[in-house]
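So the structure is just underneath, and the comments pick up after that.
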Amino acid sequence: MKRRISRHAVAFSLLLLALIVLVCLFASRGKQSGNAESSRQLSNASAEEKLPALAVEDSSTELPSVVQERQQEAEAAEARVEFDAWMNAYAAASAAKRPELEAEGVKLAVARKAEMLRLIETDPEQAIKRAISVVQRRNLPPSVRKHVEEHISNEGQLTTVIATEFDPQPKATVMRHATIGRNTYQAFTYGQRNDHRFNNKTIPLNGISIGEKFAVNESPLRVVEPGEFEPAVMKAARKKSSCPVSRESTEDNDNAAVVLEGSQLVYLCQSGHIAAYGDELLAAAMAAPPDIAYGAWSEGAKTLIYISIIYKDQTVAPVKTDMTAVNNYFLANSYNKTSITTTFTPTYTMSKNAAEYTSLAEIIDEARALAAAGGYDYNNYTLDTIRYNGGFGSFGGVAGVGGRNNMLKTEQPGVAAHEIGHNLGLWHANYWETTDGTTIGSGSNEEYGNSFDVMGNSGAFPHGHFNACEKNI
């Protein structure tokens, strides 16, 4: 009996081992098949612009977000390659043939535009690197050009903008705006440009924009492309220019490099000086004071234009803020050193429905233009408020720190006082939450934590004064 049981046990063990081997073989074959399929899906990019290969053991175990991201990268690479190929074909075509190519160009430009907008917001450095050149853009037909990024190089200002959602709990969203002339952009910065010491100063800015989205180059300089300017313009700039690094004349220098510093053409005696001069400009801009010192900016008689707007699909005008109460609040906080005199505009109707606006910059520029057409130019006032309901953004108020503009989605005077406080240079009034119950122990900073100060709690209006530190700004 023992011997029989032993033979059965051996036979069963051999059968089990054979089954395990078969299962392993099928699993290995399935894994190879899955990897081959993943490789086929990722091979859409052209040989000119291959995506980096990612080691994937089993595509079925990838997180959905990773799969989606890889698919987006492959589609974006394909859109860029196809548009570049179309540009080359369009440039090589005869004048008679080019109109036939426009429809395809528009289709490809629109597909590429979506990817460029995503890059401007998430990776502005890459967006600038992948932009087409100034000359390439100039040679496109208008129907295609309007869907392609535009190069910007001019003098302007960066401002930190804080959007505050007050209900149910205060919550802040921080962004940057760039103002160049009468145009406002939502600015996306990287590297040293993220430093807030560049704010509220007129400095050279360059980069690319699509609509109101602006990828700001870290460097204040952009190398000029061959053929970008007329020879006579280049010659005149070169004649009166000396290298800002070596201080030597560049007029007869065949190795001279030319850059745009804002709107100005600048010649350097060699390309190796570009980085050095750019660093010099960045350091000087960070060290320079704001265009208007905070003391002078936060004190004195201020004038404010209060622009009321509705969207095309709205019919009810927003309720106006009691700006007399707001003025009284600033008089009390400043010991009568700061006053705000408000002028109210009629309510203007915007050109599009609420859902069609995708940035604050777009709303600001159109509202200001409508007011200017009605005789209320915001440049004739110290501050400008745009009052509206609904549409882009979930917040009660928005303002630039040290800037001139604020936006209100509520008539509450406490919110207006909070946003104008930002305009005059104030940040939020916070609270230090200690771990040991003392007032000076280790802990963490709680934004909006000071409930006795309008900059921490707009509901503290009108009795919640700015704190002592804020009153000194």
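To be explicit about the labels: the chains of the structure tokens are called A, B, and onward in the order shown, and within each one the residues are counted from 1, while ligands get numbers from 1 in the order they are shown.
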
Fewer than 4 positions away in the same chain doesn't count, so skip those; otherwise give me all residues within 9 Å of segment 279-291 of chain A, counting only C-alpha atoms, as a PDB file with N, CA, C and O atoms, in the first residue's frame.
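Result file follows (around_22.pdb):
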ATOM      1  N   GLN A 192      14.561  81.643 -14.079  1.00  0.00           N
ATOM      2  CA  GLN A 192      14.697  82.863 -13.281  1.00  0.00           C
ATOM      3  C   GLN A 192      13.485  83.785 -13.397  1.00  0.00           C
ATOM      4  O   GLN A 192      13.226  84.578 -12.498  1.00  0.00           O
ATOM      5  N   ARG A 193      12.734  83.670 -14.495  1.00  0.00           N
ATOM      6  CA  ARG A 193      11.563  84.535 -14.676  1.00  0.00           C
ATOM      7  C   ARG A 193      10.467  84.238 -13.649  1.00  0.00           C
ATOM      8  O   ARG A 193       9.537  85.031 -13.489  1.00  0.00           O
ATOM      9  N   ASP A 195      10.916  84.342 -10.591  1.00  0.00           N
ATOM     10  CA  ASP A 195      11.237  85.197  -9.447  1.00  0.00           C
ATOM     11  C   ASP A 195      10.329  86.436  -9.455  1.00  0.00           C
ATOM     12  O   ASP A 195      10.259  87.159 -10.448  1.00  0.00           O
ATOM     13  N   HIS A 196       9.658  86.674  -8.330  1.00  0.00           N
ATOM     14  CA  HIS A 196       8.718  87.798  -8.253  1.00  0.00           C
ATOM     15  C   HIS A 196       9.416  89.161  -8.167  1.00  0.00           C
ATOM     16  O   HIS A 196       8.750  90.198  -8.192  1.00  0.00           O
ATOM     17  N   ARG A 197      10.734  89.153  -8.098  1.00  0.00           N
ATOM     18  CA  ARG A 197      11.448  90.433  -8.107  1.00  0.00           C
ATOM     19  C   ARG A 197      11.400  91.106  -9.481  1.00  0.00           C
ATOM     20  O   ARG A 197      11.794  92.254  -9.618  1.00  0.00           O
ATOM     21  N   PHE A 198      10.925  90.388 -10.490  1.00  0.00           N
ATOM     22  CA  PHE A 198      10.744  91.004 -11.808  1.00  0.00           C
ATOM     23  C   PHE A 198       9.421  91.757 -11.914  1.00  0.00           C
ATOM     24  O   PHE A 198       9.174  92.434 -12.904  1.00  0.00           O
ATOM     25  N   ASN A 199       8.563  91.627 -10.905  1.00  0.00           N
ATOM     26  CA  ASN A 199       7.215  92.185 -10.995  1.00  0.00           C
ATOM     27  C   ASN A 199       7.188  93.708 -10.988  1.00  0.00           C
ATOM     28  O   ASN A 199       8.012  94.363 -10.339  1.00  0.00           O
ATOM     29  N   ASN A 200       6.178  94.246 -11.699  1.00  0.00           N
ATOM     30  CA  ASN A 200       5.837  95.672 -11.663  1.00  0.00           C
ATOM     31  C   ASN A 200       7.000  96.585 -12.071  1.00  0.00           C
ATOM     32  O   ASN A 200       7.161  97.683 -11.551  1.00  0.00           O
ATOM     33  N   LYS A 201       7.799  96.082 -13.009  1.00  0.00           N
ATOM     34  CA  LYS A 201       8.904  96.857 -13.564  1.00  0.00           C
ATOM     35  C   LYS A 201       8.822  96.767 -15.083  1.00  0.00           C
ATOM     36  O   LYS A 201       8.520  95.699 -15.626  1.00  0.00           O
ATOM     37  N   THR A 202       9.108  97.849 -15.762  1.00  0.00           N
ATOM     38  CA  THR A 202       9.156  97.824 -17.222  1.00  0.00           C
ATOM     39  C   THR A 202      10.483  97.215 -17.647  1.00  0.00           C
ATOM     40  O   THR A 202      11.546  97.799 -17.430  1.00  0.00           O
ATOM     41  N   ILE A 203      10.408  96.012 -18.223  1.00  0.00           N
ATOM     42  CA  ILE A 203      11.605  95.247 -18.571  1.00  0.00           C
ATOM     43  C   ILE A 203      11.415  94.632 -19.961  1.00  0.00           C
ATOM     44  O   ILE A 203      10.288  94.495 -20.440  1.00  0.00           O
ATOM     45  N   PRO A 204      12.506  94.247 -20.636  1.00  0.00           N
ATOM     46  CA  PRO A 204      12.360  93.582 -21.933  1.00  0.00           C
ATOM     47  C   PRO A 204      11.781  92.177 -21.766  1.00  0.00           C
ATOM     48  O   PRO A 204      12.267  91.390 -20.942  1.00  0.00           O
ATOM     49  N   GLU A 218      12.970  82.879 -20.616  1.00  0.00           N
ATOM     50  CA  GLU A 218      13.777  83.206 -19.442  1.00  0.00           C
ATOM     51  C   GLU A 218      14.779  84.309 -19.766  1.00  0.00           C
ATOM     52  O   GLU A 218      15.012  85.212 -18.961  1.00  0.00           O
ATOM     53  N   SER A 219      15.351  84.254 -20.945  1.00  0.00           N
ATOM     54  CA  SER A 219      16.333  85.274 -21.351  1.00  0.00           C
ATOM     55  C   SER A 219      15.616  86.541 -21.807  1.00  0.00           C
ATOM     56  O   SER A 219      14.598  86.471 -22.489  1.00  0.00           O
ATOM     57  N   PRO A 220      16.161  87.703 -21.483  1.00  0.00           N
ATOM     58  CA  PRO A 220      15.578  88.956 -21.976  1.00  0.00           C
ATOM     59  C   PRO A 220      15.957  89.239 -23.430  1.00  0.00           C
ATOM     60  O   PRO A 220      15.546  90.251 -23.987  1.00  0.00           O
ATOM     61  N   ILE A 274      26.254  86.815 -25.824  1.00  0.00           N
ATOM     62  CA  ILE A 274      24.796  86.893 -25.658  1.00  0.00           C
ATOM     63  C   ILE A 274      24.381  86.466 -24.258  1.00  0.00           C
ATOM     64  O   ILE A 274      23.623  87.167 -23.574  1.00  0.00           O
ATOM     65  N   ALA A 275      24.876  85.316 -23.800  1.00  0.00           N
ATOM     66  CA  ALA A 275      24.497  84.811 -22.478  1.00  0.00           C
ATOM     67  C   ALA A 275      24.965  85.757 -21.374  1.00  0.00           C
ATOM     68  O   ALA A 275      24.237  86.029 -20.412  1.00  0.00           O
ATOM     69  N   GLY A 402       0.434  94.848  -6.475  1.00  0.00           N
ATOM     70  CA  GLY A 402       1.175  96.009  -6.950  1.00  0.00           C
ATOM     71  C   GLY A 402       0.752  96.452  -8.332  1.00  0.00           C
ATOM     72  O   GLY A 402       1.333  97.379  -8.888  1.00  0.00           O
TER      73      GLY A 402
END

Would you mind listing what lies within 8 Å of segment 468-471 of chain A as a short mmCIF file (atom, residue, chain, number, x, y, z; two decimals) with C-alpha atoms, in the first residue's frame, with only C-alpha atoms counted and same-chain residues fewer than 4 positions away left out?
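Heads up, here's the output in out.cif:
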data_model
loop_
_atom_site.label_atom_id
_atom_site.label_comp_id
_atom_site.auth_asym_id
_atom_site.auth_seq_id
_atom_site.Cartn_x
_atom_site.Cartn_y
_atom_site.Cartn_z
CA ASN A 333 -6.73 102.39 7.59
CA SER A 334 -4.34 105.02 6.25
CA LEU A 426 -0.49 93.62 0.12
#

Check: Skipping near chain neighbours, those fewer than 4 positions away, what residues fall within 10 Å of Arg145 of chain A using only C-alpha atoms, listed as a PyMOL selection string?
Finding: chain A and resi 105-106+109+136-141+149-150

Notebook entry, point to check: Could you pull the residues within 10 Å of Asp384 of chain A, counting only C-alpha atoms, minus those fewer than 2 positions along the same chain, as a PyMOL selection string?
Noted result: chain A and resi 303-307+342-343+364+368+377-382+386-387+403-407+420+423

Check: How would you write, as a ChimeraX atom specification, the set of residues in segment 260-432 of chain A that DSSP gives as strand (DSSP E or B)?
Finding: /A:260-261,264-268,300-310,338-349,383-387,397-400,405-408,431-432

Could you take the residues named above and write them with C-alpha atoms, as a PDB file, in the first residue's frame?
ATOM      1  CA  LEU A 260      16.374  91.870 -29.777  1.00  0.00           C
ATOM      2  CA  GLU A 261      16.341  93.420 -26.314  1.00  0.00           C
ATOM      3  CA  GLN A 264      15.582  97.323 -29.630  1.00  0.00           C
ATOM      4  CA  LEU A 265      18.118  95.754 -31.995  1.00  0.00           C
ATOM      5  CA  VAL A 266      21.443  95.269 -30.209  1.00  0.00           C
ATOM      6  CA  TYR A 267      24.718  94.147 -31.800  1.00  0.00           C
ATOM      7  CA  LEU A 268      27.335  92.215 -29.833  1.00  0.00           C
ATOM      8  CA  GLY A 300      -2.384 109.561  -1.837  1.00  0.00           C
ATOM      9  CA  ALA A 301      -5.608 110.296  -3.696  1.00  0.00           C
ATOM     10  CA  LYS A 302      -6.458 107.389  -6.024  1.00  0.00           C
ATOM     11  CA  THR A 303      -8.963 107.411  -8.863  1.00  0.00           C
ATOM     12  CA  LEU A 304     -10.732 104.214  -9.893  1.00  0.00           C
ATOM     13  CA  ILE A 305     -12.769 103.413 -13.001  1.00  0.00           C
ATOM     14  CA  TYR A 306     -15.442 100.799 -12.216  1.00  0.00           C
ATOM     15  CA  ILE A 307     -16.276  98.987 -15.480  1.00  0.00           C
ATOM     16  CA  SER A 308     -19.507  96.980 -15.426  1.00  0.00           C
ATOM     17  CA  ILE A 309     -19.981  94.258 -18.063  1.00  0.00           C
ATOM     18  CA  ILE A 310     -22.346  91.450 -19.042  1.00  0.00           C
ATOM     19  CA  THR A 338      -5.192 107.174   1.017  1.00  0.00           C
ATOM     20  CA  SER A 339      -8.531 107.867  -0.635  1.00  0.00           C
ATOM     21  CA  ILE A 340     -10.336 106.243  -3.574  1.00  0.00           C
ATOM     22  CA  THR A 341     -12.642 108.259  -5.826  1.00  0.00           C
ATOM     23  CA  THR A 342     -14.710 105.969  -8.068  1.00  0.00           C
ATOM     24  CA  THR A 343     -16.246 106.651 -11.479  1.00  0.00           C
ATOM     25  CA  PHE A 344     -18.884 104.144 -12.624  1.00  0.00           C
ATOM     26  CA  THR A 345     -19.326 103.299 -16.308  1.00  0.00           C
ATOM     27  CA  PRO A 346     -22.565 102.143 -17.900  1.00  0.00           C
ATOM     28  CA  THR A 347     -22.885  98.362 -18.263  1.00  0.00           C
ATOM     29  CA  TYR A 348     -21.275  97.173 -21.508  1.00  0.00           C
ATOM     30  CA  THR A 349     -22.105  93.960 -23.396  1.00  0.00           C
ATOM     31  CA  LEU A 383      -6.925 101.757 -10.712  1.00  0.00           C
ATOM     32  CA  ASP A 384      -9.508  99.885 -12.762  1.00  0.00           C
ATOM     33  CA  THR A 385     -12.131  97.424 -11.530  1.00  0.00           C
ATOM     34  CA  ILE A 386     -14.055  95.077 -13.835  1.00  0.00           C
ATOM     35  CA  ARG A 387     -17.342  93.929 -12.309  1.00  0.00           C
ATOM     36  CA  GLY A 397     -12.182  88.516  -6.787  1.00  0.00           C
ATOM     37  CA  VAL A 398      -8.871  88.781  -8.660  1.00  0.00           C
ATOM     38  CA  ALA A 399      -6.109  91.383  -8.389  1.00  0.00           C
ATOM     39  CA  GLY A 400      -2.497  91.952  -9.328  1.00  0.00           C
ATOM     40  CA  ASN A 405      -6.400  96.025 -12.212  1.00  0.00           C
ATOM     41  CA  ASN A 406      -8.848  94.010 -10.140  1.00  0.00           C
ATOM     42  CA  MET A 407     -11.902  91.955 -11.084  1.00  0.00           C
ATOM     43  CA  LEU A 408     -14.991  91.318  -8.955  1.00  0.00           C
ATOM     44  CA  TYR A 431      -1.706  82.834  10.787  1.00  0.00           C
ATOM     45  CA  TRP A 432       1.196  80.882  12.300  1.00  0.00           C
TER      46      TRP A 432
END
